[in-house]
Amino acid sequence: MKKISLLIVCIVLISCHSNVKEEDLNKLNGYWEIKQVDLPNGEKKEYKVNETIDFFELKNKQGFRQKVMPQFDGTYKTNGLKESIKVFKKDDTYFIEGKTEYGKWNEEIISIEDSTLVLKNKDKLEYTYKRYIPFSLK
C-alpha cells in the first residue's frame, strides 16, 4: 500500500510541474487572440471572433501587454493604454505579473508554444490563446 501511495504522489508531483522553459518565454512576444476560457466548474467558453487581441512585448523578462483592434488594412488601433508586465519564476513555475495604475495581479503560464499560449489567473480561469494571424483587404 505504501508503494502505491508513493507512486501516486510522484505522479501528481510530476504532472504539476510546469513544462515552460526559460527559452520559451520569448515566444510570448507578438499578437495573441483568445480561443477559449476553461472555467473551474469544467465549462468552456469558445471565442469564434475577437474584436480585440493582446499584443505582448517582452525583453529580459519585462515589457508590456496591450489590447489592440485589427483593422481591415492590416494596421492596429489601440487606446494607448499599456499594462506593464514582468515574468518571474516561483517553484519551477513561470508567472506574468501585470500592473497598471489600478492594480496588480499574477497569471500562471501553463504552457507556451509557437502557436498556443495558456494562462491561468487567481480565479482558476484558464485562458487558451492562439497566435493571431493578421489579415488585410489591401
# chains A, B, ... in the order shown; residues from 1 in each chain; ligands from 1
>>> residues_around(residues="Tyr102 (chain A)", least_positions_apart="3", cutoff="12 Å", atoms="only C-alpha atoms", output="NGL selection string")
:A and (81 or 83-84 or 98-99 or 105)
>>> write_last_selection(atoms="all heavy atoms", output="JSON list (two decimals), in the first residue's frame")
[["chain", "number", "residue", "atom", "x", "y", "z"],
["A", 81, "LEU", "N", -3.36, 52.55, -23.88],
["A", 81, "LEU", "CA", -3.06, 52.04, -22.54],
["A", 81, "LEU", "C", -2.23, 50.77, -22.62],
["A", 81, "LEU", "O", -2.56, 49.85, -23.37],
["A", 81, "LEU", "CB", -4.35, 51.77, -21.76],
["A", 81, "LEU", "CG", -5.25, 52.97, -21.52],
["A", 81, "LEU", "CD1", -6.54, 52.53, -20.85],
["A", 81, "LEU", "CD2", -4.54, 54.02, -20.69],
["A", 83, "GLU", "N", -0.27, 47.73, -20.23],
["A", 83, "GLU", "CA", -0.15, 47.08, -18.93],
["A", 83, "GLU", "C", 1.30, 46.65, -18.78],
["A", 83, "GLU", "O", 1.81, 45.89, -19.60],
["A", 83, "GLU", "CB", -1.08, 45.87, -18.95],
["A", 83, "GLU", "CG", -0.97, 44.93, -17.81],
["A", 83, "GLU", "CD", -1.86, 43.70, -18.05],
["A", 83, "GLU", "OE1", -2.97, 43.83, -18.55],
["A", 83, "GLU", "OE2", -1.38, 42.60, -17.71],
["A", 84, "SER", "N", 1.99, 47.16, -17.78],
["A", 84, "SER", "CA", 3.37, 46.73, -17.53],
["A", 84, "SER", "C", 3.36, 45.27, -17.09],
["A", 84, "SER", "O", 2.52, 44.88, -16.29],
["A", 84, "SER", "CB", 4.01, 47.57, -16.43],
["A", 84, "SER", "OG", 4.12, 48.90, -16.84],
["A", 98, "GLY", "N", 1.14, 41.40, -13.93],
["A", 98, "GLY", "CA", 0.62, 42.55, -14.65],
["A", 98, "GLY", "C", 0.38, 43.69, -13.68],
["A", 98, "GLY", "O", 0.04, 43.47, -12.52],
["A", 99, "LYS", "N", 0.57, 44.93, -14.19],
["A", 99, "LYS", "CA", 0.43, 46.07, -13.30],
["A", 99, "LYS", "C", -0.03, 47.28, -14.09],
["A", 99, "LYS", "O", 0.49, 47.56, -15.18],
["A", 99, "LYS", "CB", 1.77, 46.35, -12.62],
["A", 99, "LYS", "CG", 1.73, 47.38, -11.53],
["A", 99, "LYS", "CD", 2.95, 47.28, -10.64],
["A", 99, "LYS", "CE", 3.95, 48.35, -10.95],
["A", 99, "LYS", "NZ", 5.09, 48.36, -10.03],
["A", 105, "TRP", "N", -1.66, 42.02, -10.52],
["A", 105, "TRP", "CA", -2.13, 40.64, -10.48],
["A", 105, "TRP", "C", -1.11, 39.72, -11.14],
["A", 105, "TRP", "O", -0.20, 40.18, -11.83],
["A", 105, "TRP", "CB", -3.48, 40.51, -11.19],
["A", 105, "TRP", "CG", -3.42, 41.00, -12.60],
["A", 105, "TRP", "CD1", -3.18, 40.26, -13.72],
["A", 105, "TRP", "CD2", -3.56, 42.34, -13.05],
["A", 105, "TRP", "NE1", -3.16, 41.07, -14.84],
["A", 105, "TRP", "CE2", -3.39, 42.35, -14.46],
["A", 105, "TRP", "CE3", -3.80, 43.55, -12.41],
["A", 105, "TRP", "CZ2", -3.47, 43.51, -15.22],
["A", 105, "TRP", "CZ3", -3.87, 44.71, -13.18],
["A", 105, "TRP", "CH2", -3.71, 44.66, -14.56]]
>>> residues_around(residues="Pro70 (chain A)", least_positions_apart="2", cutoff="10 Å", atoms="only C-alpha atoms", output="number ranges by chain")
A: 50-53, 67-68, 72-78, 132, 134-136
>>> write_last_selection(atoms="N, CA, C and O atoms", output="PDB file, in the first residue's frame")
ATOM      1  N   ASN A  50     -12.875  37.741 -32.365  1.00  0.00           N
ATOM      2  CA  ASN A  50     -12.445  38.682 -31.334  1.00  0.00           C
ATOM      3  C   ASN A  50     -12.251  40.062 -31.949  1.00  0.00           C
ATOM      4  O   ASN A  50     -11.541  40.193 -32.942  1.00  0.00           O
ATOM      5  N   GLU A  51     -12.865  41.060 -31.339  1.00  0.00           N
ATOM      6  CA  GLU A  51     -12.663  42.428 -31.804  1.00  0.00           C
ATOM      7  C   GLU A  51     -11.305  42.968 -31.362  1.00  0.00           C
ATOM      8  O   GLU A  51     -10.731  43.812 -32.026  1.00  0.00           O
ATOM      9  N   THR A  52     -10.835  42.489 -30.204  1.00  0.00           N
ATOM     10  CA  THR A  52      -9.523  42.914 -29.717  1.00  0.00           C
ATOM     11  C   THR A  52      -8.636  41.691 -29.518  1.00  0.00           C
ATOM     12  O   THR A  52      -9.120  40.588 -29.280  1.00  0.00           O
ATOM     13  N   ILE A  53      -7.350  41.919 -29.642  1.00  0.00           N
ATOM     14  CA  ILE A  53      -6.354  40.882 -29.392  1.00  0.00           C
ATOM     15  C   ILE A  53      -5.301  41.468 -28.460  1.00  0.00           C
ATOM     16  O   ILE A  53      -5.238  42.681 -28.266  1.00  0.00           O
ATOM     17  N   LYS A  67      -4.038  45.836 -25.418  1.00  0.00           N
ATOM     18  CA  LYS A  67      -5.178  45.425 -26.236  1.00  0.00           C
ATOM     19  C   LYS A  67      -5.137  46.227 -27.530  1.00  0.00           C
ATOM     20  O   LYS A  67      -4.993  47.455 -27.496  1.00  0.00           O
ATOM     21  N   VAL A  68      -5.254  45.540 -28.658  1.00  0.00           N
ATOM     22  CA  VAL A  68      -5.271  46.208 -29.953  1.00  0.00           C
ATOM     23  C   VAL A  68      -6.449  45.675 -30.767  1.00  0.00           C
ATOM     24  O   VAL A  68      -6.932  44.568 -30.540  1.00  0.00           O
ATOM     25  N   PHE A  72      -8.996  46.324 -41.183  1.00  0.00           N
ATOM     26  CA  PHE A  72      -9.032  45.615 -42.464  1.00  0.00           C
ATOM     27  C   PHE A  72      -7.837  45.930 -43.361  1.00  0.00           C
ATOM     28  O   PHE A  72      -7.534  45.176 -44.274  1.00  0.00           O
ATOM     29  N   ASP A  73      -7.135  47.047 -43.106  1.00  0.00           N
ATOM     30  CA  ASP A  73      -5.970  47.390 -43.928  1.00  0.00           C
ATOM     31  C   ASP A  73      -4.670  46.802 -43.370  1.00  0.00           C
ATOM     32  O   ASP A  73      -3.583  47.106 -43.845  1.00  0.00           O
ATOM     33  N   GLY A  74      -4.785  45.968 -42.316  1.00  0.00           N
ATOM     34  CA  GLY A  74      -3.596  45.321 -41.750  1.00  0.00           C
ATOM     35  C   GLY A  74      -2.965  46.081 -40.602  1.00  0.00           C
ATOM     36  O   GLY A  74      -1.993  45.614 -40.010  1.00  0.00           O
ATOM     37  N   THR A  75      -3.506  47.264 -40.267  1.00  0.00           N
ATOM     38  CA  THR A  75      -2.981  48.039 -39.149  1.00  0.00           C
ATOM     39  C   THR A  75      -3.757  47.681 -37.875  1.00  0.00           C
ATOM     40  O   THR A  75      -4.705  46.900 -37.915  1.00  0.00           O
ATOM     41  N   TYR A  76      -3.346  48.291 -36.765  1.00  0.00           N
ATOM     42  CA  TYR A  76      -3.979  48.048 -35.470  1.00  0.00           C
ATOM     43  C   TYR A  76      -4.306  49.375 -34.811  1.00  0.00           C
ATOM     44  O   TYR A  76      -3.517  50.306 -34.877  1.00  0.00           O
ATOM     45  N   LYS A  77      -5.465  49.440 -34.169  1.00  0.00           N
ATOM     46  CA  LYS A  77      -5.828  50.605 -33.366  1.00  0.00           C
ATOM     47  C   LYS A  77      -5.749  50.209 -31.905  1.00  0.00           C
ATOM     48  O   LYS A  77      -5.983  49.059 -31.549  1.00  0.00           O
ATOM     49  N   THR A  78      -5.434  51.194 -31.069  1.00  0.00           N
ATOM     50  CA  THR A  78      -5.353  50.956 -29.631  1.00  0.00           C
ATOM     51  C   THR A  78      -5.795  52.206 -28.893  1.00  0.00           C
ATOM     52  O   THR A  78      -5.814  53.297 -29.477  1.00  0.00           O
ATOM     53  N   TYR A 132      -2.199  35.093 -33.293  1.00  0.00           N
ATOM     54  CA  TYR A 132      -3.025  35.839 -34.225  1.00  0.00           C
ATOM     55  C   TYR A 132      -2.352  35.891 -35.591  1.00  0.00           C
ATOM     56  O   TYR A 132      -1.166  36.191 -35.701  1.00  0.00           O
ATOM     57  N   PRO A 134      -2.521  37.920 -38.952  1.00  0.00           N
ATOM     58  CA  PRO A 134      -3.101  39.148 -39.494  1.00  0.00           C
ATOM     59  C   PRO A 134      -3.754  38.927 -40.863  1.00  0.00           C
ATOM     60  O   PRO A 134      -3.357  38.045 -41.617  1.00  0.00           O
ATOM     61  N   PHE A 135      -4.736  39.747 -41.129  1.00  0.00           N
ATOM     62  CA  PHE A 135      -5.391  39.714 -42.423  1.00  0.00           C
ATOM     63  C   PHE A 135      -5.374  41.123 -42.999  1.00  0.00           C
ATOM     64  O   PHE A 135      -5.166  42.091 -42.278  1.00  0.00           O
ATOM     65  N   SER A 136      -5.572  41.224 -44.282  1.00  0.00           N
ATOM     66  CA  SER A 136      -5.592  42.534 -44.931  1.00  0.00           C
ATOM     67  C   SER A 136      -6.446  42.451 -46.190  1.00  0.00           C
ATOM     68  O   SER A 136      -6.398  41.453 -46.912  1.00  0.00           O
TER      69      SER A 136
END
>>> select_by_dssp(residues="chain A", states="strand (DSSP E)", output="PyMOL selection string")
chain A and resi 30-38+44-46+53-59+62-70+76-77+83-90+93-100+103-112+116-120+126-131
>>> write_last_selection(atoms="C-alpha atoms", output="PDB file, in the first residue's frame")
ATOM      1  CA  GLY A  30       3.595  39.138 -30.564  1.00  0.00           C
ATOM      2  CA  TYR A  31      -0.138  39.078 -31.141  1.00  0.00           C
ATOM      3  CA  TRP A  32      -2.440  36.585 -29.393  1.00  0.00           C
ATOM      4  CA  GLU A  33      -6.199  36.129 -29.543  1.00  0.00           C
ATOM      5  CA  ILE A  34      -8.359  34.265 -27.054  1.00  0.00           C
ATOM      6  CA  LYS A  35      -9.584  30.932 -28.362  1.00  0.00           C
ATOM      7  CA  GLN A  36     -11.375  29.664 -25.241  1.00  0.00           C
ATOM      8  CA  VAL A  37     -11.713  30.035 -21.495  1.00  0.00           C
ATOM      9  CA  ASP A  38     -11.960  26.971 -19.244  1.00  0.00           C
ATOM     10  CA  LYS A  44     -15.714  26.017 -21.638  1.00  0.00           C
ATOM     11  CA  LYS A  45     -16.439  29.300 -23.361  1.00  0.00           C
ATOM     12  CA  GLU A  46     -15.310  29.374 -27.000  1.00  0.00           C
ATOM     13  CA  ILE A  53      -6.354  40.882 -29.392  1.00  0.00           C
ATOM     14  CA  ASP A  54      -3.450  41.055 -26.952  1.00  0.00           C
ATOM     15  CA  PHE A  55      -0.032  42.283 -28.026  1.00  0.00           C
ATOM     16  CA  PHE A  56       2.879  41.248 -25.795  1.00  0.00           C
ATOM     17  CA  GLU A  57       6.357  42.752 -25.905  1.00  0.00           C
ATOM     18  CA  LEU A  58       8.886  41.190 -23.560  1.00  0.00           C
ATOM     19  CA  LYS A  59      12.626  41.861 -23.261  1.00  0.00           C
ATOM     20  CA  GLN A  62       9.966  42.770 -18.638  1.00  0.00           C
ATOM     21  CA  GLY A  63       7.691  44.598 -21.014  1.00  0.00           C
ATOM     22  CA  PHE A  64       4.035  45.304 -21.657  1.00  0.00           C
ATOM     23  CA  ARG A  65       0.717  43.876 -22.812  1.00  0.00           C
ATOM     24  CA  GLN A  66      -1.688  45.988 -24.818  1.00  0.00           C
ATOM     25  CA  LYS A  67      -5.178  45.425 -26.236  1.00  0.00           C
ATOM     26  CA  VAL A  68      -5.271  46.208 -29.953  1.00  0.00           C
ATOM     27  CA  MET A  69      -8.000  46.142 -32.599  1.00  0.00           C
ATOM     28  CA  PRO A  70      -7.003  44.740 -36.002  1.00  0.00           C
ATOM     29  CA  TYR A  76      -3.979  48.048 -35.470  1.00  0.00           C
ATOM     30  CA  LYS A  77      -5.828  50.605 -33.366  1.00  0.00           C
ATOM     31  CA  GLU A  83      -0.154  47.079 -18.935  1.00  0.00           C
ATOM     32  CA  SER A  84       3.370  46.735 -17.529  1.00  0.00           C
ATOM     33  CA  ILE A  85       4.373  43.093 -17.225  1.00  0.00           C
ATOM     34  CA  LYS A  86       7.264  41.127 -15.881  1.00  0.00           C
ATOM     35  CA  VAL A  87       7.838  37.384 -15.845  1.00  0.00           C
ATOM     36  CA  PHE A  88       9.118  35.666 -12.731  1.00  0.00           C
ATOM     37  CA  LYS A  89       9.700  32.103 -11.625  1.00  0.00           C
ATOM     38  CA  LYS A  90       8.446  30.599  -8.382  1.00  0.00           C
ATOM     39  CA  THR A  93       6.550  27.744 -12.448  1.00  0.00           C
ATOM     40  CA  TYR A  94       6.612  30.939 -14.502  1.00  0.00           C
ATOM     41  CA  PHE A  95       4.159  33.761 -13.845  1.00  0.00           C
ATOM     42  CA  ILE A  96       3.287  37.011 -15.563  1.00  0.00           C
ATOM     43  CA  GLU A  97       2.853  39.888 -13.147  1.00  0.00           C
ATOM     44  CA  GLY A  98       0.617  42.553 -14.647  1.00  0.00           C
ATOM     45  CA  LYS A  99       0.430  46.066 -13.299  1.00  0.00           C
ATOM     46  CA  THR A 100      -1.484  49.243 -14.083  1.00  0.00           C
ATOM     47  CA  GLY A 103      -3.965  47.245  -9.624  1.00  0.00           C
ATOM     48  CA  LYS A 104      -1.527  44.352  -9.784  1.00  0.00           C
ATOM     49  CA  TRP A 105      -2.127  40.643 -10.480  1.00  0.00           C
ATOM     50  CA  ASN A 106      -0.386  37.408 -11.468  1.00  0.00           C
ATOM     51  CA  GLU A 107      -1.172  34.838 -14.136  1.00  0.00           C
ATOM     52  CA  GLU A 108       0.471  31.425 -14.264  1.00  0.00           C
ATOM     53  CA  ILE A 109       1.961  30.433 -17.617  1.00  0.00           C
ATOM     54  CA  ILE A 110       0.613  26.902 -18.038  1.00  0.00           C
ATOM     55  CA  SER A 111       2.140  26.383 -21.473  1.00  0.00           C
ATOM     56  CA  ILE A 112       3.609  28.365 -24.316  1.00  0.00           C
ATOM     57  CA  THR A 116      -0.626  28.342 -28.424  1.00  0.00           C
ATOM     58  CA  LEU A 117      -0.453  30.113 -25.062  1.00  0.00           C
ATOM     59  CA  VAL A 118      -2.306  29.041 -21.895  1.00  0.00           C
ATOM     60  CA  LEU A 119      -2.564  31.323 -18.843  1.00  0.00           C
ATOM     61  CA  LYS A 120      -4.382  30.765 -15.537  1.00  0.00           C
ATOM     62  CA  GLU A 126      -7.667  29.117 -17.806  1.00  0.00           C
ATOM     63  CA  TYR A 127      -7.285  31.232 -20.954  1.00  0.00           C
ATOM     64  CA  THR A 128      -6.177  29.487 -24.147  1.00  0.00           C
ATOM     65  CA  TYR A 129      -4.815  31.858 -26.781  1.00  0.00           C
ATOM     66  CA  LYS A 130      -3.873  31.162 -30.374  1.00  0.00           C
ATOM     67  CA  ARG A 131      -1.264  33.090 -32.307  1.00  0.00           C
TER      68      ARG A 131
END
>>> closest_residue(among="A:Asn41, A:Asn79, A:Asn29, A:Gln71", to="Lys124 (chain A)", atoms="only C-alpha atoms")
A:Asn41
>>> select_by_dssp(residues="chain A", states="alpha helix (DSSP H)", output="PyMOL selection string")
chain A and resi 2-16
>>> write_last_selection(atoms="C-alpha atoms", output="PDB file, in the first residue's frame")
ATOM      1  CA  LYS A   2       2.864   2.382   0.808  1.00  0.00           C
ATOM      2  CA  LYS A   3       4.404   1.759  -2.635  1.00  0.00           C
ATOM      3  CA  ILE A   4       1.125   2.634  -4.361  1.00  0.00           C
ATOM      4  CA  SER A   5       0.741   5.805  -2.278  1.00  0.00           C
ATOM      5  CA  LEU A   6       4.307   6.842  -3.091  1.00  0.00           C
ATOM      6  CA  LEU A   7       3.716   6.185  -6.784  1.00  0.00           C
ATOM      7  CA  ILE A   8       0.574   8.348  -6.764  1.00  0.00           C
ATOM      8  CA  VAL A   9       2.398  11.188  -5.004  1.00  0.00           C
ATOM      9  CA  CYS A  10       5.232  11.020  -7.574  1.00  0.00           C
ATOM     10  CA  ILE A  11       2.780  11.105 -10.484  1.00  0.00           C
ATOM     11  CA  VAL A  12       0.961  14.100  -9.012  1.00  0.00           C
ATOM     12  CA  LEU A  13       4.215  15.993  -8.463  1.00  0.00           C
ATOM     13  CA  ILE A  14       5.411  15.287 -11.992  1.00  0.00           C
ATOM     14  CA  SER A  15       2.089  16.280 -13.549  1.00  0.00           C
ATOM     15  CA  CYS A  16       2.018  19.564 -11.591  1.00  0.00           C
TER      16      CYS A  16
END
>>> decode(residues="region 112-136 of chain A", atoms="N, CA and C atoms", output="tab-separated table (two decimals), in the first residue's frame")
chain	number	residue	atom	x	y	z
A	112	ILE	N	3.38	27.42	-23.24
A	112	ILE	CA	3.61	28.37	-24.32
A	112	ILE	C	4.34	27.64	-25.43
A	113	GLU	N	3.75	27.71	-26.60
A	113	GLU	CA	4.32	27.11	-27.81
A	113	GLU	C	4.30	28.16	-28.90
A	114	ASP	N	4.75	27.81	-30.09
A	114	ASP	CA	4.77	28.78	-31.18
A	114	ASP	C	3.38	29.33	-31.50
A	115	SER	N	2.35	28.49	-31.43
A	115	SER	CA	1.02	28.93	-31.84
A	115	SER	C	-0.03	28.86	-30.73
A	116	THR	N	0.34	28.47	-29.52
A	116	THR	CA	-0.63	28.34	-28.42
A	116	THR	C	-0.02	28.85	-27.11
A	117	LEU	N	-0.84	29.58	-26.36
A	117	LEU	CA	-0.45	30.11	-25.06
A	117	LEU	C	-1.60	29.83	-24.09
A	118	VAL	N	-1.28	29.30	-22.91
A	118	VAL	CA	-2.31	29.04	-21.90
A	118	VAL	C	-1.88	29.73	-20.60
A	119	LEU	N	-2.78	30.59	-20.09
A	119	LEU	CA	-2.56	31.32	-18.84
A	119	LEU	C	-3.69	31.02	-17.87
A	120	LYS	N	-3.36	30.99	-16.57
A	120	LYS	CA	-4.38	30.76	-15.54
A	120	LYS	C	-4.30	31.88	-14.51
A	121	ASN	N	-5.46	32.46	-14.18
A	121	ASN	CA	-5.48	33.55	-13.20
A	121	ASN	C	-5.81	33.04	-11.81
A	122	LYS	N	-5.88	33.95	-10.85
A	122	LYS	CA	-6.10	33.56	-9.45
A	122	LYS	C	-7.48	32.95	-9.23
A	123	ASP	N	-8.43	33.23	-10.12
A	123	ASP	CA	-9.77	32.66	-10.02
A	123	ASP	C	-9.87	31.30	-10.70
A	124	LYS	N	-8.72	30.76	-11.11
A	124	LYS	CA	-8.61	29.46	-11.77
A	124	LYS	C	-9.29	29.42	-13.14
A	125	LEU	N	-9.44	30.60	-13.76
A	125	LEU	CA	-9.89	30.66	-15.14
A	125	LEU	C	-8.68	30.41	-16.02
A	126	GLU	N	-8.79	29.48	-16.95
A	126	GLU	CA	-7.67	29.12	-17.81
A	126	GLU	C	-7.95	29.64	-19.22
A	127	TYR	N	-7.13	30.58	-19.66
A	127	TYR	CA	-7.29	31.23	-20.95
A	127	TYR	C	-6.37	30.57	-21.98
A	128	THR	N	-6.96	30.06	-23.05
A	128	THR	CA	-6.18	29.49	-24.15
A	128	THR	C	-6.19	30.50	-25.29
A	129	TYR	N	-4.99	30.91	-25.68
A	129	TYR	CA	-4.81	31.86	-26.78
A	129	TYR	C	-4.24	31.12	-27.99
A	130	LYS	N	-4.54	31.64	-29.16
A	130	LYS	CA	-3.87	31.16	-30.37
A	130	LYS	C	-3.14	32.35	-30.98
A	131	ARG	N	-2.06	32.04	-31.66
A	131	ARG	CA	-1.26	33.09	-32.31
A	131	ARG	C	-2.15	33.78	-33.34
A	132	TYR	N	-2.20	35.09	-33.29
A	132	TYR	CA	-3.03	35.84	-34.22
A	132	TYR	C	-2.35	35.89	-35.59
A	133	ILE	N	-3.12	35.59	-36.61
A	133	ILE	CA	-2.64	35.68	-37.99
A	133	ILE	C	-3.30	36.88	-38.62
A	134	PRO	N	-2.52	37.92	-38.95
A	134	PRO	CA	-3.10	39.15	-39.49
A	134	PRO	C	-3.75	38.93	-40.86
A	135	PHE	N	-4.74	39.75	-41.13
A	135	PHE	CA	-5.39	39.71	-42.42
A	135	PHE	C	-5.37	41.12	-43.00
A	136	SER	N	-5.57	41.22	-44.28
A	136	SER	CA	-5.59	42.53	-44.93
A	136	SER	C	-6.45	42.45	-46.19
